[in-house]
Amino acid sequence: MANRSCLLYAFVLLVAFQSSMIMSNTVIHTPQCRPVAASSRDKILFSINLLIYKAEFFLRASVGVGINGISPGLVQGPVPIGGTLANITNSARRIIEELGLATVGHLRAIKQVLRSNLPLPGPQLDLSAQVFAGFVNLGFNVSTLSPPFNIYANTPSFVLAAEAISAFTLVAGIGLNEAAAFGVLRTILNNGVNSTVPPYTFTMAELTNRTSEVVNRLGGCGVKDEGLIVPFQLGAENRTTSNVVPGDVNSLAHARFEREILRIVFGTGNATMPGGLYPDGFIGALYQLILNLNLS
């Protein structure tokens, strides 16, 4: 029991201090690009919003059930909007299912850390193809692609969305497993980097570059999201255009803080204006602080 407690305590520390560890290798951030001062507990509760989205998204797309279908009573919140089985290959389905199940385990570990007998509170989620299509439409500067982009239609489209969600849970600081999950999905995308994304004529390389530009624009804190092919000046040591593992000038993971994440997942560019993946906003005191202080 003592060993288990030590592991859980280490988990809390990882979540609480992840941002400060990365910041030691980055420039001083402008006020709108700094972390919000909050307790470790509040930062953990903030990250739960992201993890619940990932688990629900991955599980409903791969096996057609949500978190409570796997671990009854673990979370409590409104039924997600628009979740559906994805038309993906069997190998991709197995990967997505495993990553979804692993995220359920992460949520259970957090619940144990918080020493709560109550379900983890969950926000309203929008898992619909339409909400993801909105980000892609922005990338191509159109009102809507023809036909409308559907993440659930095929493996490349779904893995792109899954990789994006994994990137946010990674920056929330949930350890090595999340980093490995992000790497697996990024590798799948890279294997088809020059392939067209059906039913369109653009390639995965172009799609990831365009969606990365949207994420950076919404986040408002510089180039932190990168496509699979980048200019030399953004490649590792300015010597490569391939970008399997995105990173900063020293190939370290980019720091992305609470308000940046909200601006992006809301799709509004404003941390106090919900929408997108979270139509009613986040759950927790840190998010309420951002609202109360109008930290857009």
# chains A, B, ... in the order shown; residues from 1 in each chain; ligands from 1
$ residues_around --residues "segment 234-250 of chain A" --least-positions-apart "3" --cutoff "8 Å" --atoms "only C-alpha atoms" --output "ChimeraX atom specification"
/A:183,186-187,190,224-231,253-254
$ write_last_selection --atoms "all heavy atoms" --output "tab-separated table (two decimals), in the first residue's frame"
chain	number	residue	atom	x	y	z
A	183	GLY	N	2.99	9.82	-29.49
A	183	GLY	CA	4.00	9.36	-30.45
A	183	GLY	C	3.47	8.30	-31.40
A	183	GLY	O	3.77	8.32	-32.59
A	186	ARG	N	1.15	10.01	-33.90
A	186	ARG	CA	1.95	10.84	-34.80
A	186	ARG	C	2.68	9.98	-35.84
A	186	ARG	O	2.81	10.36	-37.00
A	186	ARG	CB	2.95	11.64	-33.96
A	186	ARG	CG	3.71	12.71	-34.71
A	186	ARG	CD	2.99	14.01	-34.75
A	186	ARG	NE	3.78	15.01	-35.44
A	186	ARG	CZ	3.39	16.25	-35.68
A	186	ARG	NH1	2.19	16.64	-35.28
A	186	ARG	NH2	4.15	17.10	-36.32
A	187	THR	N	3.13	8.81	-35.41
A	187	THR	CA	3.82	7.90	-36.32
A	187	THR	C	2.87	7.37	-37.39
A	187	THR	O	3.23	7.26	-38.57
A	187	THR	CB	4.43	6.72	-35.54
A	187	THR	OG1	5.39	7.23	-34.61
A	187	THR	CG2	5.13	5.74	-36.48
A	190	ASN	N	2.47	10.02	-39.89
A	190	ASN	CA	3.67	10.21	-40.69
A	190	ASN	C	3.83	9.11	-41.74
A	190	ASN	O	4.39	9.35	-42.81
A	190	ASN	CB	4.90	10.24	-39.78
A	190	ASN	CG	6.14	10.75	-40.51
A	190	ASN	OD1	6.21	11.92	-40.87
A	190	ASN	ND2	7.10	9.87	-40.73
A	224	LYS	N	3.53	26.67	-31.76
A	224	LYS	CA	3.69	25.55	-30.82
A	224	LYS	C	3.11	24.25	-31.36
A	224	LYS	O	3.42	23.19	-30.87
A	224	LYS	CB	3.04	25.89	-29.48
A	224	LYS	CG	3.70	27.06	-28.75
A	224	LYS	CD	3.11	27.25	-27.37
A	224	LYS	CE	3.80	28.38	-26.63
A	224	LYS	NZ	3.27	28.54	-25.25
A	225	ASP	N	2.26	24.38	-32.35
A	225	ASP	CA	1.72	23.20	-33.01
A	225	ASP	C	2.32	23.15	-34.41
A	225	ASP	O	2.38	24.18	-35.09
A	225	ASP	CB	0.19	23.27	-33.09
A	225	ASP	CG	-0.44	21.92	-33.34
A	225	ASP	OD1	-0.72	21.22	-32.35
A	225	ASP	OD2	-0.64	21.55	-34.51
A	226	GLU	N	2.78	21.98	-34.83
A	226	GLU	CA	3.50	21.87	-36.10
A	226	GLU	C	2.98	20.68	-36.90
A	226	GLU	O	2.60	19.65	-36.34
A	226	GLU	CB	5.00	21.69	-35.85
A	226	GLU	CG	5.63	22.85	-35.12
A	226	GLU	CD	7.06	22.56	-34.69
A	226	GLU	OE1	7.47	21.38	-34.74
A	226	GLU	OE2	7.76	23.51	-34.29
A	227	GLY	N	2.99	20.84	-38.22
A	227	GLY	CA	2.60	19.76	-39.10
A	227	GLY	C	3.69	18.71	-39.25
A	227	GLY	O	4.73	18.76	-38.58
A	228	LEU	N	3.45	17.78	-40.16
A	228	LEU	CA	4.39	16.68	-40.37
A	228	LEU	C	5.58	17.08	-41.23
A	228	LEU	O	6.63	16.44	-41.18
A	228	LEU	CB	3.66	15.49	-41.01
A	228	LEU	CG	2.56	14.85	-40.17
A	228	LEU	CD1	1.75	13.89	-41.01
A	228	LEU	CD2	3.16	14.13	-38.96
A	229	ILE	N	5.39	18.11	-42.04
A	229	ILE	CA	6.47	18.65	-42.86
A	229	ILE	C	6.59	20.13	-42.54
A	229	ILE	O	5.60	20.86	-42.58
A	229	ILE	CB	6.19	18.47	-44.37
A	229	ILE	CG1	5.98	17.00	-44.71
A	229	ILE	CG2	7.31	19.08	-45.20
A	229	ILE	CD1	7.22	16.14	-44.53
A	230	VAL	N	7.81	20.57	-42.20
A	230	VAL	CA	8.02	21.96	-41.79
A	230	VAL	C	9.19	22.57	-42.55
A	230	VAL	O	10.02	21.84	-43.11
A	230	VAL	CB	8.30	22.04	-40.27
A	230	VAL	CG1	7.09	21.61	-39.46
A	230	VAL	CG2	9.53	21.22	-39.89
A	231	PRO	N	9.29	23.90	-42.59
A	231	PRO	CA	10.48	24.53	-43.16
A	231	PRO	C	11.73	24.16	-42.36
A	231	PRO	O	11.64	23.80	-41.19
A	231	PRO	CB	10.17	26.03	-43.04
A	231	PRO	CG	8.71	26.12	-42.82
A	231	PRO	CD	8.30	24.88	-42.11
A	253	ALA	N	9.65	19.65	-25.74
A	253	ALA	CA	8.21	19.81	-25.88
A	253	ALA	C	7.81	21.26	-25.61
A	253	ALA	O	8.32	21.91	-24.70
A	253	ALA	CB	7.50	18.87	-24.91
A	254	HIS	N	6.90	21.76	-26.42
A	254	HIS	CA	6.40	23.11	-26.22
A	254	HIS	C	5.54	23.20	-24.96
A	254	HIS	O	4.76	22.31	-24.67
A	254	HIS	CB	5.54	23.54	-27.42
A	254	HIS	CG	6.31	23.76	-28.67
A	254	HIS	ND1	7.13	24.86	-28.86
A	254	HIS	CD2	6.40	23.02	-29.81
A	254	HIS	CE1	7.68	24.79	-30.07
A	254	HIS	NE2	7.25	23.68	-30.66
$ residues_around --residues "segment 75-78 of chain A" --least-positions-apart "3" --cutoff "7 Å" --atoms "only C-alpha atoms" --output "count of residues only"
7
$ atom_distance --atom1 "atom CA of Leu99 of chain A" --atom2 "atom CA of Arg60 of chain A"
12.0 Å
$ residues_around --residues "Pro31 of chain A" --least-positions-apart "6" --cutoff "12 Å" --atoms "only C-alpha atoms" --output "JSON, numbers by chain"
{"A": [37, 220, 221, 257, 259, 260, 295, 296]}
$ residues_around --residues "Ser166 of chain A" --least-positions-apart "2" --cutoff "8 Å" --atoms "only C-alpha atoms" --output "number ranges by chain"
A: 54, 162-164, 168-170, 178, 181-182
$ closest_atom_pairs --of "segment 27-66 of chain A" --to "segment 70-74 of chain A" --cutoff "10 Å" --atoms "only C-alpha atoms" --output "JSON lines"
{"residue": "A:Leu59", "atom": "CA", "partner": "A:Ile70", "partner_atom": "CA", "distance": 9.0}
{"residue": "A:Val65", "atom": "CA", "partner": "A:Ile70", "partner_atom": "CA", "distance": 7.6}
{"residue": "A:Gly66", "atom": "CA", "partner": "A:Ile70", "partner_atom": "CA", "distance": 6.9}
$ atom_distance --atom1 "atom CA of Tyr152 of chain A" --atom2 "atom CA of Ala129 of chain A"
6.8 Å
$ residues_around --residues "Gly139 of chain A" --least-positions-apart "6" --cutoff "12 Å" --atoms "only C-alpha atoms" --output "number ranges by chain"
A: 132-133, 145, 149, 206-218
$ closest_residue --among "A:Asn270, A:Gln288, A:Thr84, A:Thr203" --to "Gln32 of chain A" --atoms "only C-alpha atoms"
A:Asn270
$ select_by_dssp --residues "segment 74-271 of chain A" --states "helix (DSSP H, G or I)" --output "compact mmCIF listing (two decimals) with N, CA and C atoms, in the first residue's frame"
# COMPACT_ATOMS: atom_id res chain seq x y z
N ASN A 90 -9.12 -2.19 -38.53
CA ASN A 90 -9.12 -2.97 -37.29
C ASN A 90 -7.88 -2.67 -36.45
N SER A 91 -6.73 -2.51 -37.10
CA SER A 91 -5.50 -2.22 -36.35
C SER A 91 -5.59 -0.86 -35.67
N ALA A 92 -6.12 0.14 -36.38
CA ALA A 92 -6.29 1.45 -35.77
C ALA A 92 -7.32 1.40 -34.65
N ARG A 93 -8.37 0.61 -34.83
CA ARG A 93 -9.40 0.50 -33.80
C ARG A 93 -8.82 -0.06 -32.51
N ARG A 94 -7.97 -1.08 -32.64
CA ARG A 94 -7.36 -1.67 -31.44
C ARG A 94 -6.49 -0.66 -30.71
N ILE A 95 -5.74 0.14 -31.47
CA ILE A 95 -4.87 1.16 -30.86
C ILE A 95 -5.71 2.21 -30.15
N ILE A 96 -6.74 2.71 -30.81
CA ILE A 96 -7.58 3.75 -30.23
C ILE A 96 -8.29 3.23 -28.99
N GLU A 97 -8.78 1.99 -29.05
CA GLU A 97 -9.43 1.41 -27.87
C GLU A 97 -8.47 1.33 -26.70
N GLU A 98 -7.26 0.83 -26.96
CA GLU A 98 -6.28 0.70 -25.87
C GLU A 98 -5.96 2.06 -25.25
N LEU A 99 -5.77 3.06 -26.09
CA LEU A 99 -5.45 4.39 -25.57
C LEU A 99 -6.62 4.98 -24.78
N GLY A 100 -7.84 4.69 -25.22
CA GLY A 100 -9.00 5.13 -24.46
C GLY A 100 -9.09 4.45 -23.11
N LEU A 101 -8.85 3.15 -23.09
CA LEU A 101 -8.87 2.40 -21.83
C LEU A 101 -7.78 2.91 -20.88
N ALA A 102 -6.60 3.19 -21.43
CA ALA A 102 -5.51 3.70 -20.59
C ALA A 102 -5.89 5.03 -19.96
N THR A 103 -6.60 5.87 -20.70
CA THR A 103 -7.01 7.17 -20.16
C THR A 103 -8.03 7.00 -19.04
N VAL A 104 -8.88 5.98 -19.13
CA VAL A 104 -9.77 5.67 -18.01
C VAL A 104 -8.94 5.36 -16.76
N GLY A 105 -7.87 4.61 -16.94
CA GLY A 105 -6.99 4.33 -15.80
C GLY A 105 -6.37 5.58 -15.23
N HIS A 106 -6.00 6.52 -16.09
CA HIS A 106 -5.44 7.78 -15.60
C HIS A 106 -6.46 8.54 -14.76
N LEU A 107 -7.70 8.55 -15.22
CA LEU A 107 -8.75 9.23 -14.47
C LEU A 107 -8.98 8.56 -13.11
N ARG A 108 -8.94 7.24 -13.09
CA ARG A 108 -9.11 6.53 -11.82
C ARG A 108 -7.96 6.86 -10.87
N ALA A 109 -6.76 6.94 -11.40
CA ALA A 109 -5.61 7.28 -10.56
C ALA A 109 -5.76 8.68 -9.97
N ILE A 110 -6.24 9.62 -10.78
CA ILE A 110 -6.47 10.98 -10.27
C ILE A 110 -7.52 10.97 -9.17
N LYS A 111 -8.59 10.22 -9.38
CA LYS A 111 -9.64 10.13 -8.37
C LYS A 111 -9.07 9.62 -7.05
N GLN A 112 -8.16 8.65 -7.12
CA GLN A 112 -7.53 8.12 -5.91
C GLN A 112 -6.63 9.18 -5.26
N VAL A 113 -5.94 9.94 -6.08
CA VAL A 113 -5.09 11.01 -5.55
C VAL A 113 -5.94 12.05 -4.81
N LEU A 114 -7.08 12.38 -5.39
CA LEU A 114 -7.97 13.38 -4.79
C LEU A 114 -8.71 12.85 -3.57
N ALA A 129 -18.76 15.25 -35.67
CA ALA A 129 -17.90 15.50 -36.83
C ALA A 129 -17.93 16.98 -37.22
N GLN A 130 -19.08 17.62 -37.00
CA GLN A 130 -19.23 19.01 -37.41
C GLN A 130 -18.29 19.95 -36.66
N VAL A 131 -18.09 19.69 -35.36
CA VAL A 131 -17.26 20.60 -34.59
C VAL A 131 -15.80 20.50 -35.02
N PHE A 132 -15.35 19.29 -35.36
CA PHE A 132 -13.99 19.14 -35.86
C PHE A 132 -13.86 19.71 -37.27
N ALA A 133 -14.91 19.57 -38.07
CA ALA A 133 -14.89 20.12 -39.43
C ALA A 133 -14.69 21.63 -39.40
N GLY A 134 -15.19 22.27 -38.34
CA GLY A 134 -15.03 23.71 -38.23
C GLY A 134 -13.57 24.12 -38.19
N PHE A 135 -12.73 23.35 -37.49
CA PHE A 135 -11.30 23.67 -37.43
C PHE A 135 -10.65 23.47 -38.80
N VAL A 136 -11.04 22.42 -39.50
CA VAL A 136 -10.47 22.15 -40.82
C VAL A 136 -10.91 23.22 -41.82
N ASN A 137 -12.16 23.63 -41.75
CA ASN A 137 -12.65 24.70 -42.63
C ASN A 137 -11.85 25.98 -42.43
N LEU A 138 -11.53 26.29 -41.18
CA LEU A 138 -10.70 27.47 -40.90
C LEU A 138 -9.34 27.33 -41.55
N GLY A 139 -8.78 26.12 -41.51
CA GLY A 139 -7.46 25.90 -42.08
C GLY A 139 -7.43 26.12 -43.58
N PHE A 140 -8.51 25.77 -44.25
CA PHE A 140 -8.57 25.94 -45.70
C PHE A 140 -9.30 27.22 -46.10
N THR A 155 -9.71 6.22 -41.58
CA THR A 155 -8.63 6.16 -40.60
C THR A 155 -7.77 7.43 -40.57
N PRO A 156 -7.28 7.94 -41.72
CA PRO A 156 -6.43 9.14 -41.64
C PRO A 156 -7.12 10.32 -40.97
N SER A 157 -8.39 10.55 -41.32
CA SER A 157 -9.10 11.69 -40.74
C SER A 157 -9.28 11.53 -39.24
N PHE A 158 -9.63 10.31 -38.81
CA PHE A 158 -9.85 10.12 -37.38
C PHE A 158 -8.54 10.21 -36.60
N VAL A 159 -7.48 9.61 -37.11
CA VAL A 159 -6.20 9.63 -36.39
C VAL A 159 -5.69 11.06 -36.26
N LEU A 160 -5.94 11.90 -37.25
CA LEU A 160 -5.56 13.30 -37.14
C LEU A 160 -6.23 13.94 -35.93
N ALA A 161 -7.54 13.72 -35.77
CA ALA A 161 -8.26 14.29 -34.63
C ALA A 161 -7.77 13.68 -33.32
N ALA A 162 -7.53 12.37 -33.33
CA ALA A 162 -7.05 11.69 -32.11
C ALA A 162 -5.69 12.21 -31.69
N GLU A 163 -4.83 12.48 -32.66
CA GLU A 163 -3.50 13.02 -32.35
C GLU A 163 -3.61 14.40 -31.73
N ALA A 164 -4.53 15.21 -32.26
CA ALA A 164 -4.71 16.56 -31.72
C ALA A 164 -5.18 16.51 -30.27
N ILE A 165 -6.13 15.63 -29.97
CA ILE A 165 -6.63 15.51 -28.60
C ILE A 165 -5.52 15.00 -27.68
N SER A 166 -4.71 14.06 -28.17
CA SER A 166 -3.61 13.53 -27.35
C SER A 166 -2.57 14.60 -27.06
N ALA A 167 -2.39 15.54 -27.99
CA ALA A 167 -1.44 16.62 -27.76
C ALA A 167 -1.85 17.46 -26.56
N PHE A 168 -3.16 17.69 -26.39
CA PHE A 168 -3.61 18.50 -25.26
C PHE A 168 -3.49 17.75 -23.94
N THR A 169 -3.77 16.46 -23.94
CA THR A 169 -3.61 15.71 -22.69
C THR A 169 -2.14 15.56 -22.33
N LEU A 170 -1.29 15.59 -23.36
CA LEU A 170 0.15 15.54 -23.11
C LEU A 170 0.60 16.81 -22.40
N VAL A 171 0.20 17.98 -22.89
CA VAL A 171 0.65 19.22 -22.25
C VAL A 171 -0.02 19.42 -20.90
N GLY A 175 2.16 12.36 -17.75
CA GLY A 175 3.17 11.32 -17.76
C GLY A 175 3.54 10.65 -19.06
N LEU A 176 4.33 9.59 -18.90
CA LEU A 176 4.94 8.91 -20.02
C LEU A 176 3.93 8.20 -20.91
N ASN A 177 2.89 7.66 -20.35
CA ASN A 177 1.90 6.94 -21.16
C ASN A 177 1.25 7.87 -22.18
N GLU A 178 0.91 9.09 -21.77
CA GLU A 178 0.32 10.04 -22.70
C GLU A 178 1.31 10.42 -23.79
N ALA A 179 2.58 10.59 -23.43
CA ALA A 179 3.60 10.91 -24.42
C ALA A 179 3.74 9.78 -25.44
N ALA A 180 3.70 8.54 -24.95
CA ALA A 180 3.80 7.39 -25.85
C ALA A 180 2.59 7.34 -26.78
N ALA A 181 1.40 7.61 -26.25
CA ALA A 181 0.19 7.61 -27.07
C ALA A 181 0.28 8.65 -28.18
N PHE A 182 0.75 9.84 -27.84
CA PHE A 182 0.91 10.89 -28.83
C PHE A 182 1.89 10.46 -29.91
N GLY A 183 2.99 9.82 -29.49
CA GLY A 183 4.00 9.36 -30.45
C GLY A 183 3.47 8.30 -31.40
N VAL A 184 2.67 7.37 -30.87
CA VAL A 184 2.09 6.32 -31.71
C VAL A 184 1.20 6.93 -32.79
N LEU A 185 0.33 7.85 -32.41
CA LEU A 185 -0.59 8.45 -33.36
C LEU A 185 0.15 9.32 -34.37
N ARG A 186 1.15 10.01 -33.90
CA ARG A 186 1.95 10.84 -34.80
C ARG A 186 2.68 9.98 -35.84
N THR A 187 3.13 8.81 -35.41
CA THR A 187 3.82 7.90 -36.32
C THR A 187 2.87 7.37 -37.39
N ILE A 188 1.64 7.03 -36.99
CA ILE A 188 0.64 6.57 -37.96
C ILE A 188 0.41 7.64 -39.02
N LEU A 189 0.27 8.89 -38.59
CA LEU A 189 0.07 9.98 -39.53
C LEU A 189 1.27 10.12 -40.45
N ASN A 190 2.47 10.02 -39.89
CA ASN A 190 3.67 10.21 -40.69
C ASN A 190 3.83 9.11 -41.74
N ASN A 191 3.34 7.92 -41.44
CA ASN A 191 3.44 6.83 -42.42
C ASN A 191 2.64 7.13 -43.68
N MET A 204 -1.91 14.43 -46.33
CA MET A 204 -1.87 14.53 -44.88
C MET A 204 -0.89 15.62 -44.45
N ALA A 205 0.20 15.78 -45.19
CA ALA A 205 1.17 16.82 -44.85
C ALA A 205 0.52 18.20 -44.91
N GLU A 206 -0.23 18.46 -45.99
CA GLU A 206 -0.89 19.76 -46.11
C GLU A 206 -1.95 19.94 -45.05
N LEU A 207 -2.72 18.89 -44.78
CA LEU A 207 -3.78 18.98 -43.79
C LEU A 207 -3.21 19.28 -42.40
N THR A 208 -2.15 18.59 -42.00
CA THR A 208 -1.57 18.85 -40.67
C THR A 208 -0.96 20.24 -40.58
N ASN A 209 -0.39 20.72 -41.67
CA ASN A 209 0.16 22.07 -41.65
C ASN A 209 -0.94 23.11 -41.50
N ARG A 210 -2.03 22.91 -42.21
CA ARG A 210 -3.12 23.89 -42.16
C ARG A 210 -3.83 23.87 -40.80
N THR A 211 -4.06 22.70 -40.26
CA THR A 211 -4.72 22.64 -38.95
C THR A 211 -3.79 23.15 -37.85
N SER A 212 -2.48 22.94 -38.01
CA SER A 212 -1.53 23.48 -37.04
C SER A 212 -1.54 25.00 -37.04
N GLU A 213 -1.67 25.59 -38.22
CA GLU A 213 -1.74 27.05 -38.32
C GLU A 213 -2.98 27.58 -37.58
N VAL A 214 -4.09 26.85 -37.70
CA VAL A 214 -5.31 27.25 -36.99
C VAL A 214 -5.11 27.18 -35.49
N VAL A 215 -4.51 26.09 -35.02
CA VAL A 215 -4.26 25.92 -33.58
C VAL A 215 -3.37 27.04 -33.05
N ASN A 216 -2.31 27.35 -33.78
CA ASN A 216 -1.40 28.42 -33.34
C ASN A 216 -2.09 29.77 -33.34
N ARG A 217 -2.93 30.01 -34.34
CA ARG A 217 -3.65 31.29 -34.41
C ARG A 217 -4.63 31.42 -33.26
N LEU A 218 -5.37 30.36 -32.96
CA LEU A 218 -6.32 30.40 -31.85
C LEU A 218 -5.61 30.52 -30.51
N GLY A 219 -4.49 29.79 -30.36
CA GLY A 219 -3.76 29.83 -29.10
C GLY A 219 -3.16 31.18 -28.81
N PHE A 232 12.90 24.26 -42.99
CA PHE A 232 14.14 23.91 -42.31
C PHE A 232 14.30 24.64 -40.98
N GLN A 233 13.87 25.91 -40.92
CA GLN A 233 14.08 26.69 -39.71
C GLN A 233 13.28 26.17 -38.53
N LEU A 234 12.27 25.30 -38.80
CA LEU A 234 11.50 24.71 -37.71
C LEU A 234 11.87 23.25 -37.48
N ALA A 236 14.45 19.87 -36.75
CA ALA A 236 15.46 19.58 -35.73
C ALA A 236 16.82 20.11 -36.18
N GLU A 237 17.40 20.99 -35.35
CA GLU A 237 18.71 21.60 -35.62
C GLU A 237 18.75 22.29 -36.98
N ASN A 238 17.60 22.73 -37.47
CA ASN A 238 17.49 23.42 -38.76
C ASN A 238 18.07 22.60 -39.91
N GLU A 258 -2.92 27.11 -19.58
CA GLU A 258 -4.36 26.92 -19.48
C GLU A 258 -5.16 27.78 -20.46
N ARG A 259 -4.85 29.07 -20.51
CA ARG A 259 -5.64 29.94 -21.37
C ARG A 259 -5.45 29.62 -22.85
N GLU A 260 -4.23 29.25 -23.21
CA GLU A 260 -3.99 28.84 -24.60
C GLU A 260 -4.85 27.63 -24.97
N ILE A 261 -4.86 26.65 -24.08
CA ILE A 261 -5.64 25.44 -24.33
C ILE A 261 -7.12 25.78 -24.49
N LEU A 262 -7.64 26.63 -23.62
CA LEU A 262 -9.05 27.01 -23.71
C LEU A 262 -9.35 27.73 -25.01
N ARG A 263 -8.49 28.65 -25.42
CA ARG A 263 -8.72 29.39 -26.67
C ARG A 263 -8.84 28.43 -27.85
N ILE A 264 -8.04 27.35 -27.79
CA ILE A 264 -8.00 26.41 -28.91
C ILE A 264 -9.19 25.45 -28.87
N VAL A 265 -9.39 24.78 -27.76
CA VAL A 265 -10.46 23.77 -27.72
C VAL A 265 -11.85 24.40 -27.81
N PHE A 266 -11.98 25.66 -27.40
CA PHE A 266 -13.24 26.37 -27.58
C PHE A 266 -13.45 26.77 -29.05
